[in-house]
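Reading through the structure tokens given below for one structure.
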Amino acid sequence: MIQQLLLGQTLAFSGDPLDRDWSDVTRHNSNGGVLVQDDRIIAVGNGDVLQRDYPQATVTHYGDALISAGFVDAHMHYPQTGIIASWGKQLIDWLNTYTFPEEARFGDKAYADGAAGRTLDLALAHGTTTLTSFCTIHPQSVDAFFEAAALRNMAVVAGKTCMDRNAPDALRDTAQSSYDDSKSLLARWHGKGRANYAITPRFSPTSTPEQLHALGALWAEYPDCLMQTHLSEQLPEIAWVRGLFPDARDYLDTYEECGLLGAKGLYGHAIHLEPREIERLQEVGAAVIHCPTSNTFIGSGLFDLMRLAQAGLRIGLATDTGGGSSFSMLRTMAAAYEIGQLRGVALHPAQLMWLATEGSARALHMEGQIGHLGAGAMADITILDLESTPAIAQRVNNANDVWDAVFPTIMMGDDRAIKDVWVAGRRVQRAN
Ligand code: GUN
Ligand code: ZN
């Protein structure tokens, strides 16, 4: 048994600050401590008290740095790491011009291994301890990702991306092969160590109704699994879906009709939703995933976070790299704030930090396990230097309270703000 005590400022949550007053559910301790035993957090409290009660624990002093749960990225594409920040296209052109040619390279296991390791290391360098990733249609791209995550002991969610139409030949499977491959990958990986399999139809335009039905049938066999896809990201995409599925009531109906609407569904983007879609997502308890840097970068639109939160939807926060333009959940929170402002809502830093940790974990049905600084959670922890650059430090010198000190790092911080990262109770050795 190994006990570690992390001392610094601590930030934890006891409830949802989008649902209740943020000040009622936020626990900040300027002299805090987090006690870790083996791979789990066993106590969070006053640093002096914990040090007195657990004198045998090895102490790491973080001074004024902020100890938070590790960030949880609820939607991204590790095969797109190599094409992040590609210029000049909106969704459909962007997929055809940049994304599909790059994804075609993932039939090569060594190439997939390289991208998976690189992506996970970039995530850790940015304080993200859980990734939820699409892979490519190649089963070996799924093995590469789960193997690289297991080496790093990271909790991840991923699945084989399924496409049987409207994609290049090299990136098409069939309804049957997508079912068979997904099933055998699921059997190999789901629940192995910290791996979670998600059934992954890319989006309705690249799947025939036969494929969507086959994957819906697979989900019915394994209801414990997550299912991830894209929904109502861009207006031309929605018009395309309408043409491809003329009988569907709306975009969500193309999934619903095939058994792909459920509580464990993760619907990326969800920007241009019809009232019926919001109602059905709420009724089944599904999650929508907000990808703000992607939404501005690809020109998709303004996610209506407050409306969807008030409707009772689970909401996760995500980078959506490489449609998203940053690996950083700090930058992602900043973009969520900016989109909120354009919608007339100023999200509080407590709400942003909650979304990046607890909110995403809840969307993944892993609340209490990850993204949580509290007893019983896995010890995936990120420590933020709140004065990581001269520009941020001079602002923090004028801070009146903790939020005034945290918000500049949310808005202006990057990987330099990541002072340290712990995964499953072990301090991560990072290159920077
Ligand atoms: N819709 C379907 N595929 C993708 C993708 O790879 N990225 C984004 N942003 N949207 C998608
Ligand atoms: Zn995506």
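We name chains A, B, ... following the order of the structure tokens; residues begin at 1 in each chain, and ligands are numbered from 1 as shown.
Taking only stretch 197-328 of chain A, the residues that DSSP calls strand (DSSP E) from the backbone come to A:Tyr197, A:Ala198, A:Ile199, A:Thr200, A:Pro201, A:Leu226, A:Met227, A:Gln228, A:Thr229, A:His230, A:Leu231, A:Gly265, A:Leu266, A:Tyr267, A:Gly268, A:His269, A:Ala287, A:Val288, A:Ile289, A:His290, A:Arg314, A:Ile315, A:Gly316, A:Leu317.
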Selected residues, N, CA, C and O atoms, written as a short mmCIF file (atom, residue, chain, number, x, y, z; two decimals), in the first residue's frame, please.
data_model
loop_
_atom_site.label_atom_id
_atom_site.label_comp_id
_atom_site.auth_asym_id
_atom_site.auth_seq_id
_atom_site.Cartn_x
_atom_site.Cartn_y
_atom_site.Cartn_z
N TYR A 197 -15.20 0.34 -24.51
CA TYR A 197 -15.51 0.34 -25.94
C TYR A 197 -16.77 1.16 -26.21
O TYR A 197 -17.77 1.06 -25.48
N ALA A 198 -16.74 1.97 -27.26
CA ALA A 198 -17.94 2.69 -27.71
C ALA A 198 -18.25 2.28 -29.15
O ALA A 198 -17.38 2.38 -30.03
N ILE A 199 -19.45 1.81 -29.38
CA ILE A 199 -19.90 1.53 -30.74
C ILE A 199 -19.94 2.87 -31.47
O ILE A 199 -20.44 3.86 -30.94
N THR A 200 -19.38 2.91 -32.71
CA THR A 200 -19.03 4.21 -33.31
C THR A 200 -19.42 4.34 -34.78
O THR A 200 -18.57 4.23 -35.67
N PRO A 201 -20.71 4.53 -35.09
CA PRO A 201 -21.04 4.96 -36.46
C PRO A 201 -20.60 6.41 -36.62
O PRO A 201 -20.93 7.23 -35.77
N LEU A 226 -21.01 2.31 -24.35
CA LEU A 226 -21.37 3.61 -24.89
C LEU A 226 -21.51 3.51 -26.41
O LEU A 226 -21.02 2.56 -27.04
N MET A 227 -22.21 4.49 -26.99
CA MET A 227 -22.31 4.62 -28.45
C MET A 227 -21.99 6.08 -28.76
O MET A 227 -22.54 6.97 -28.11
N GLN A 228 -21.07 6.33 -29.68
CA GLN A 228 -20.73 7.73 -30.00
C GLN A 228 -20.93 7.99 -31.49
O GLN A 228 -20.67 7.13 -32.34
N THR A 229 -21.38 9.20 -31.79
CA THR A 229 -21.56 9.61 -33.18
C THR A 229 -21.61 11.13 -33.24
O THR A 229 -21.30 11.82 -32.26
N HIS A 230 -21.96 11.66 -34.42
CA HIS A 230 -22.11 13.11 -34.60
C HIS A 230 -23.58 13.42 -34.90
O HIS A 230 -24.28 12.61 -35.51
N LEU A 231 -24.00 14.62 -34.50
CA LEU A 231 -25.40 15.01 -34.70
C LEU A 231 -25.49 16.51 -34.97
O LEU A 231 -24.98 17.33 -34.18
N GLY A 265 -25.78 7.01 -25.18
CA GLY A 265 -25.38 7.62 -26.45
C GLY A 265 -24.70 8.95 -26.22
O GLY A 265 -25.13 9.75 -25.39
N LEU A 266 -23.62 9.18 -26.99
CA LEU A 266 -22.88 10.45 -26.94
C LEU A 266 -23.01 11.09 -28.31
O LEU A 266 -22.52 10.55 -29.31
N TYR A 267 -23.67 12.24 -28.36
CA TYR A 267 -23.98 12.89 -29.63
C TYR A 267 -23.14 14.15 -29.76
O TYR A 267 -23.40 15.15 -29.07
N GLY A 268 -22.12 14.09 -30.60
CA GLY A 268 -21.17 15.19 -30.73
C GLY A 268 -21.75 16.36 -31.49
O GLY A 268 -22.43 16.19 -32.50
N HIS A 269 -21.51 17.55 -30.97
CA HIS A 269 -21.89 18.86 -31.56
C HIS A 269 -23.32 19.26 -31.21
O HIS A 269 -23.51 20.18 -30.44
N ALA A 287 -26.43 12.04 -23.81
CA ALA A 287 -25.50 13.16 -23.62
C ALA A 287 -25.20 13.84 -24.94
O ALA A 287 -25.04 13.17 -25.98
N VAL A 288 -25.12 15.16 -24.91
CA VAL A 288 -24.60 15.91 -26.05
C VAL A 288 -23.21 16.42 -25.66
O VAL A 288 -22.97 16.74 -24.50
N ILE A 289 -22.34 16.46 -26.66
CA ILE A 289 -20.96 16.83 -26.37
C ILE A 289 -20.61 18.13 -27.09
O ILE A 289 -20.67 18.21 -28.32
N HIS A 290 -20.26 19.11 -26.30
CA HIS A 290 -19.94 20.45 -26.81
C HIS A 290 -18.47 20.50 -27.21
O HIS A 290 -17.58 20.19 -26.41
N ARG A 314 -27.53 15.70 -20.37
CA ARG A 314 -26.14 15.58 -19.94
C ARG A 314 -25.30 16.33 -20.96
O ARG A 314 -25.53 16.17 -22.17
N ILE A 315 -24.31 17.09 -20.50
CA ILE A 315 -23.45 17.82 -21.42
C ILE A 315 -21.99 17.54 -21.10
O ILE A 315 -21.55 17.72 -19.95
N GLY A 316 -21.25 17.08 -22.10
CA GLY A 316 -19.81 16.88 -21.95
C GLY A 316 -19.08 17.95 -22.74
O GLY A 316 -19.66 18.61 -23.61
N LEU A 317 -17.80 18.12 -22.44
CA LEU A 317 -16.98 19.11 -23.13
C LEU A 317 -15.83 18.39 -23.82
O LEU A 317 -15.28 17.42 -23.27
#
Hey, which bits of chain A sit within 9 Å of ligand 2, and for each residue what's the closest pair of atoms and how far apart in Å (one decimal), counting only C-alpha atoms and all ligand atoms, rows by chain and increasing number, as a Markdown table?
| residue | atom | partner | partner_atom_place_in_ligand_line | distance |
| --- | --- | --- | --- | --- |
| A:His75 | CA | ligand 2 | 1 (Zn) | 6.2 |
| A:Met76 | CA | ligand 2 | 1 (Zn) | 5.6 |
| A:His77 | CA | ligand 2 | 1 (Zn) | 6.3 |
| A:Ser133 | CA | ligand 2 | 1 (Zn) | 8.4 |
| A:Phe134 | CA | ligand 2 | 1 (Zn) | 7.4 |
| A:Arg202 | CA | ligand 2 | 1 (Zn) | 8.1 |
| A:Thr229 | CA | ligand 2 | 1 (Zn) | 7.5 |
| A:His230 | CA | ligand 2 | 1 (Zn) | 6.3 |
| A:Gly268 | CA | ligand 2 | 1 (Zn) | 6.2 |
| A:His269 | CA | ligand 2 | 1 (Zn) | 7.8 |
| A:Cys291 | CA | ligand 2 | 1 (Zn) | 8.2 |
| A:Ser294 | CA | ligand 2 | 1 (Zn) | 8.6 |
| A:Thr319 | CA | ligand 2 | 1 (Zn) | 8.7 |
| A:Asp320 | CA | ligand 2 | 1 (Zn) | 5.1 |
| A:Thr321 | CA | ligand 2 | 1 (Zn) | 7.4 |
| A:Gly322 | CA | ligand 2 | 1 (Zn) | 8.2 |
| A:Gly323 | CA | ligand 2 | 1 (Zn) | 7.0 |
| A:Gly324 | CA | ligand 2 | 1 (Zn) | 8.4 |
Output for the residues just chosen: N, CA and C atoms as a short mmCIF file (atom, residue, chain, number, x, y, z; two decimals), in the first residue's frame:
data_model
loop_
_atom_site.label_atom_id
_atom_site.label_comp_id
_atom_site.auth_asym_id
_atom_site.auth_seq_id
_atom_site.Cartn_x
_atom_site.Cartn_y
_atom_site.Cartn_z
N HIS A 75 -14.89 13.85 -26.56
CA HIS A 75 -15.06 13.57 -28.01
C HIS A 75 -13.84 14.09 -28.75
N MET A 76 -13.12 13.20 -29.38
CA MET A 76 -12.01 13.62 -30.24
C MET A 76 -11.68 12.49 -31.22
N HIS A 77 -10.75 12.81 -32.13
CA HIS A 77 -10.38 11.85 -33.17
C HIS A 77 -8.85 11.72 -33.16
N SER A 133 -12.24 8.74 -27.97
CA SER A 133 -11.79 8.94 -29.35
C SER A 133 -12.53 8.07 -30.36
N PHE A 134 -12.76 8.65 -31.52
CA PHE A 134 -13.07 7.87 -32.70
C PHE A 134 -11.74 7.29 -33.19
N ARG A 202 -19.84 6.73 -37.69
CA ARG A 202 -19.29 8.10 -37.77
C ARG A 202 -20.38 9.15 -37.73
N THR A 229 -21.38 9.20 -31.79
CA THR A 229 -21.56 9.61 -33.18
C THR A 229 -21.61 11.13 -33.24
N HIS A 230 -21.96 11.66 -34.42
CA HIS A 230 -22.11 13.11 -34.60
C HIS A 230 -23.58 13.42 -34.90
N GLY A 268 -22.12 14.09 -30.60
CA GLY A 268 -21.17 15.19 -30.73
C GLY A 268 -21.75 16.36 -31.49
N HIS A 269 -21.51 17.55 -30.97
CA HIS A 269 -21.89 18.86 -31.56
C HIS A 269 -23.32 19.26 -31.21
N CYS A 291 -18.24 20.90 -28.46
CA CYS A 291 -16.88 20.93 -29.02
C CYS A 291 -16.59 22.34 -29.53
N SER A 294 -13.86 23.44 -32.24
CA SER A 294 -14.22 22.86 -33.55
C SER A 294 -15.35 23.66 -34.19
N THR A 319 -12.54 18.47 -27.13
CA THR A 319 -11.70 19.20 -28.09
C THR A 319 -12.12 18.94 -29.52
N ASP A 320 -12.63 17.72 -29.82
CA ASP A 320 -12.89 17.31 -31.20
C ASP A 320 -11.67 17.49 -32.10
N THR A 321 -10.46 17.37 -31.58
CA THR A 321 -9.30 17.40 -32.49
C THR A 321 -9.45 16.26 -33.49
N GLY A 322 -9.03 16.47 -34.81
CA GLY A 322 -8.45 17.63 -35.36
C GLY A 322 -9.42 18.60 -36.02
N GLY A 323 -10.78 18.42 -35.94
CA GLY A 323 -11.68 19.50 -36.32
C GLY A 323 -11.54 20.63 -35.31
N GLY A 324 -11.34 20.26 -34.06
CA GLY A 324 -11.00 21.24 -33.02
C GLY A 324 -9.58 21.70 -33.24
#
So that each row is one residue of stretch 83-122 of chain A with an atom at most 9 Å from stretch 126-129 of chain A, can you give its shortest atom pair and the distance in Å to one decimal, using only C-alpha atoms, rows by chain and rising number, as a tab-separated table?
residue	atom	partner	partner_atom	distance
A:Leu120	CA	A:Thr129	CA	8.6
A:Asp121	CA	A:His126	CA	8.6
A:Leu122	CA	A:His126	CA	6.3
Go ahead and save the picked residues with N, CA, C and O atoms, as a short mmCIF file (atom, residue, chain, number, x, y, z; two decimals), in the first residue's frame.
data_model
loop_
_atom_site.label_atom_id
_atom_site.label_comp_id
_atom_site.auth_asym_id
_atom_site.auth_seq_id
_atom_site.Cartn_x
_atom_site.Cartn_y
_atom_site.Cartn_z
N LEU A 120 -1.90 10.62 -27.04
CA LEU A 120 -2.08 10.45 -25.59
C LEU A 120 -1.04 11.27 -24.82
O LEU A 120 -1.36 11.86 -23.78
N ASP A 121 0.18 11.33 -25.33
CA ASP A 121 1.20 12.15 -24.65
C ASP A 121 0.87 13.64 -24.74
O ASP A 121 1.09 14.39 -23.78
N LEU A 122 0.34 14.06 -25.88
CA LEU A 122 -0.10 15.47 -25.99
C LEU A 122 -1.23 15.75 -25.02
O LEU A 122 -1.28 16.80 -24.38
#
*Could you pull out the alpha helix (DSSP H) residues of stretch 130-288 of chain A from DSSP and send them as JSON, numbers by chain?*
{"A": [139, 140, 141, 142, 143, 144, 145, 146, 147, 148, 149, 150, 151, 175, 176, 177, 178, 179, 180, 181, 182, 183, 184, 185, 186, 187, 188, 189, 209, 210, 211, 212, 213, 214, 215, 216, 217, 218, 219, 220, 221, 235, 236, 237, 238, 239, 240, 241, 242, 243, 244, 251, 252, 253, 254, 255, 256, 275, 276, 277, 278, 279, 280, 281, 282, 283, 284]}
*Check the smallest atom-to-atom distance from each of A:Ser232, A:Ser204, A:Arg276, A:Gly47 to A:Phe245 using only C-alpha atoms, then report the winner.*
A:Ser204
*For A:Gly114, work out the shell of residues within 12 Å, counting only C-alpha atoms and skipping chain neighbours fewer than 4 positions away, then give it as a list in words.*
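Contacts, in chain order: Tyr78, Pro79, Thr81, Gly82, Arg105, Phe106, Asp108, Lys109, Ala110, Arg118, Thr119, Leu120, Asp121, Ser141, Ala144, Phe145, Glu147 and Ala148 of chain A.
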Skip A:Ala12 itself and residues of its chain fewer than 2 positions away, then list as a CSV table (one decimal) with all heavy atoms, in the first residue's frame all residues within 10 Å of it, counting only C-alpha atoms.
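Saved result, selection.csv, follows:
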chain,number,residue,atom,x,y,z
A,10,THR,N,-7.1,23.3,-3.5
A,10,THR,CA,-7.9,22.2,-4.1
A,10,THR,C,-9.3,22.7,-4.6
A,10,THR,O,-9.8,23.7,-4.0
A,10,THR,CB,-8.2,21.0,-3.1
A,10,THR,OG1,-8.7,21.6,-1.9
A,10,THR,CG2,-6.9,20.3,-2.8
A,14,SER,N,-19.5,19.2,-5.5
A,14,SER,CA,-20.4,18.3,-4.8
A,14,SER,C,-21.7,18.2,-5.6
A,14,SER,O,-22.7,17.5,-5.1
A,14,SER,CB,-20.7,18.7,-3.4
A,14,SER,OG,-21.2,20.0,-3.4
A,15,GLY,N,-21.8,18.9,-6.7
A,15,GLY,CA,-23.1,18.9,-7.5
A,15,GLY,C,-22.8,19.6,-8.8
A,15,GLY,O,-21.7,20.0,-9.1
A,25,VAL,N,-22.2,24.3,-4.7
A,25,VAL,CA,-21.7,23.0,-5.1
A,25,VAL,C,-20.2,23.0,-5.4
A,25,VAL,O,-19.6,22.0,-5.8
A,25,VAL,CB,-22.4,22.4,-6.3
A,25,VAL,CG1,-23.9,22.2,-6.0
A,25,VAL,CG2,-22.3,23.3,-7.5
A,26,THR,N,-19.5,24.1,-5.1
A,26,THR,CA,-18.1,24.2,-5.3
A,26,THR,C,-17.3,24.2,-4.0
A,26,THR,O,-17.7,24.8,-3.1
A,26,THR,CB,-17.8,25.5,-6.1
A,26,THR,OG1,-18.6,25.5,-7.2
A,26,THR,CG2,-16.3,25.6,-6.4
A,27,ARG,N,-16.3,23.4,-3.9
A,27,ARG,CA,-15.5,23.3,-2.7
A,27,ARG,C,-14.0,23.7,-3.0
A,27,ARG,O,-13.3,22.9,-3.6
A,27,ARG,CB,-15.5,21.8,-2.2
A,27,ARG,CG,-16.8,21.2,-2.0
A,27,ARG,CD,-17.5,21.7,-0.6
A,27,ARG,NE,-18.8,21.2,-0.5
A,27,ARG,CZ,-19.9,21.9,-0.8
A,27,ARG,NH1,-19.8,23.1,-1.4
A,27,ARG,NH2,-21.1,21.4,-0.7
A,28,HIS,N,-13.7,24.9,-2.7
A,28,HIS,CA,-12.3,25.4,-2.8
A,28,HIS,C,-11.7,25.5,-1.5
A,28,HIS,O,-12.2,25.9,-0.5
A,28,HIS,CB,-12.3,26.8,-3.5
A,28,HIS,CG,-10.9,27.4,-3.5
A,28,HIS,ND1,-10.6,28.5,-2.7
A,28,HIS,CD2,-9.8,27.1,-4.1
A,28,HIS,CE1,-9.4,28.8,-2.8
A,28,HIS,NE2,-8.8,27.9,-3.7
A,29,ASN,N,-10.4,24.9,-1.4
A,29,ASN,CA,-9.7,25.0,-0.2
A,29,ASN,C,-8.3,25.6,-0.5
A,29,ASN,O,-7.5,25.0,-1.2
A,29,ASN,CB,-9.6,23.6,0.5
A,29,ASN,CG,-9.1,23.7,1.9
A,29,ASN,OD1,-8.3,24.6,2.3
A,29,ASN,ND2,-9.5,22.7,2.7
A,44,VAL,N,-10.1,14.1,0.6
A,44,VAL,CA,-9.8,15.4,0.2
A,44,VAL,C,-10.2,16.3,1.4
A,44,VAL,O,-11.3,16.2,1.9
A,44,VAL,CB,-10.6,15.8,-1.1
A,44,VAL,CG1,-10.3,17.3,-1.4
A,44,VAL,CG2,-10.2,14.9,-2.2
A,67,ILE,N,-5.0,22.1,-7.4
A,67,ILE,CA,-5.1,20.7,-7.6
A,67,ILE,C,-6.6,20.4,-8.0
A,67,ILE,O,-7.5,20.7,-7.3
A,67,ILE,CB,-4.8,19.9,-6.3
A,67,ILE,CG1,-3.4,20.2,-5.8
A,67,ILE,CG2,-4.9,18.4,-6.6
A,67,ILE,CD1,-3.0,19.6,-4.5
A,68,SER,N,-6.7,19.9,-9.2
A,68,SER,CA,-8.1,19.6,-9.8
A,68,SER,C,-8.1,18.1,-10.3
A,68,SER,O,-7.1,17.5,-10.5
A,68,SER,CB,-8.2,20.5,-11.1
A,68,SER,OG,-9.2,20.0,-11.9
A,69,ALA,N,-9.3,17.7,-10.5
A,69,ALA,CA,-9.5,16.4,-11.2
A,69,ALA,C,-8.8,16.5,-12.5
A,69,ALA,O,-8.9,17.6,-13.1
A,69,ALA,CB,-10.9,16.0,-11.3
A,350,ALA,N,-16.3,28.3,-12.4
A,350,ALA,CA,-16.7,27.0,-11.8
A,350,ALA,C,-17.5,26.1,-12.7
A,350,ALA,O,-17.3,24.9,-12.8
A,350,ALA,CB,-17.5,27.3,-10.5
A,353,MET,N,-14.9,24.7,-15.3
A,353,MET,CA,-14.1,23.6,-14.7
A,353,MET,C,-14.9,22.4,-14.5
A,353,MET,O,-14.4,21.2,-14.7
A,353,MET,CB,-13.4,24.1,-13.4
A,353,MET,CG,-12.3,25.1,-13.6
A,353,MET,SD,-10.8,24.4,-14.4
A,353,MET,CE,-10.2,23.3,-13.1
A,354,TRP,N,-16.1,22.6,-14.1
A,354,TRP,CA,-17.0,21.4,-13.9
A,354,TRP,C,-17.3,20.6,-15.2
A,354,TRP,O,-17.2,19.4,-15.3
A,354,TRP,CB,-18.4,21.8,-13.3
A,354,TRP,CG,-19.3,20.7,-13.0
A,354,TRP,CD1,-19.3,20.0,-11.8
A,354,TRP,CD2,-20.3,20.2,-13.8
A,354,TRP,NE1,-20.3,19.0,-11.9
A,354,TRP,CE2,-20.9,19.1,-13.1
A,354,TRP,CE3,-20.8,20.5,-15.1
A,354,TRP,CZ2,-22.0,18.4,-13.7
A,354,TRP,CZ3,-21.8,19.8,-15.7
A,354,TRP,CH2,-22.4,18.7,-15.0
A,357,THR,N,-14.4,18.4,-16.3
A,357,THR,CA,-14.1,17.3,-15.5
A,357,THR,C,-15.3,16.5,-15.2
A,357,THR,O,-15.6,15.5,-15.8
A,357,THR,CB,-13.4,17.8,-14.1
A,357,THR,OG1,-14.3,18.8,-13.5
A,357,THR,CG2,-12.1,18.5,-14.4
A,358,GLU,N,-16.1,16.9,-14.2
A,358,GLU,CA,-17.3,16.2,-13.8
A,358,GLU,C,-18.4,16.0,-14.9
A,358,GLU,O,-19.0,15.0,-15.1
A,358,GLU,CB,-18.0,16.9,-12.6
A,358,GLU,CG,-17.1,17.1,-11.4
A,358,GLU,CD,-17.2,16.0,-10.4
A,358,GLU,OE1,-18.1,15.2,-10.5
A,358,GLU,OE2,-16.5,16.1,-9.4
A,371,GLY,N,-12.6,12.3,-13.3
A,371,GLY,CA,-13.1,13.7,-13.4
A,371,GLY,C,-13.6,14.2,-12.0
A,371,GLY,O,-14.3,15.2,-12.0
A,372,HIS,N,-13.2,13.6,-11.0
A,372,HIS,CA,-13.8,13.9,-9.7
A,372,HIS,C,-12.7,13.9,-8.6
A,372,HIS,O,-11.9,12.9,-8.5
A,372,HIS,CB,-14.8,12.8,-9.3
A,372,HIS,CG,-15.5,13.0,-8.0
A,372,HIS,ND1,-16.2,14.1,-7.7
A,372,HIS,CD2,-15.5,12.2,-6.9
A,372,HIS,CE1,-16.7,14.0,-6.5
A,372,HIS,NE2,-16.3,12.8,-5.9
A,373,LEU,N,-12.6,15.0,-7.9
A,373,LEU,CA,-11.6,15.1,-6.8
A,373,LEU,C,-12.4,14.8,-5.5
A,373,LEU,O,-12.8,15.7,-4.8
A,373,LEU,CB,-11.0,16.5,-6.8
A,373,LEU,CG,-9.6,16.6,-6.1
A,373,LEU,CD1,-8.5,16.0,-6.9
A,373,LEU,CD2,-9.3,18.1,-5.8
A,374,GLY,N,-12.5,13.5,-5.2
A,374,GLY,CA,-13.2,13.1,-4.0
A,374,GLY,C,-12.9,11.7,-3.7
A,374,GLY,O,-12.4,10.9,-4.6
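Reported to one decimal place, the separation of atom CA of A:Glu338 from atom CA of A:Ala391 is 19.4 Å.
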*Nearest to A:His365 among A:Arg188, A:Arg249, A:Lys183, A:Lys264, with distances taken over only C-alpha atoms: which residue is it?*
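With only C-alpha atoms as the atom set, the closest residue is A:Lys264.
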*Which one is closest to ligand 1: A:Gly32, A:Pro349, A:Gly299, A:Gly45? Count only C-alpha atoms and all ligand atoms.*
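Comparing A:Gly32, A:Pro349, A:Gly299, A:Gly45 against ligand 1, the winner is A:Gly299.
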*Have a look at A:Ala158, A:Leu218, A:Ala405, A:Ala335 and name the one nearest to A:Pro292; count only C-alpha atoms.*
A:Ala335
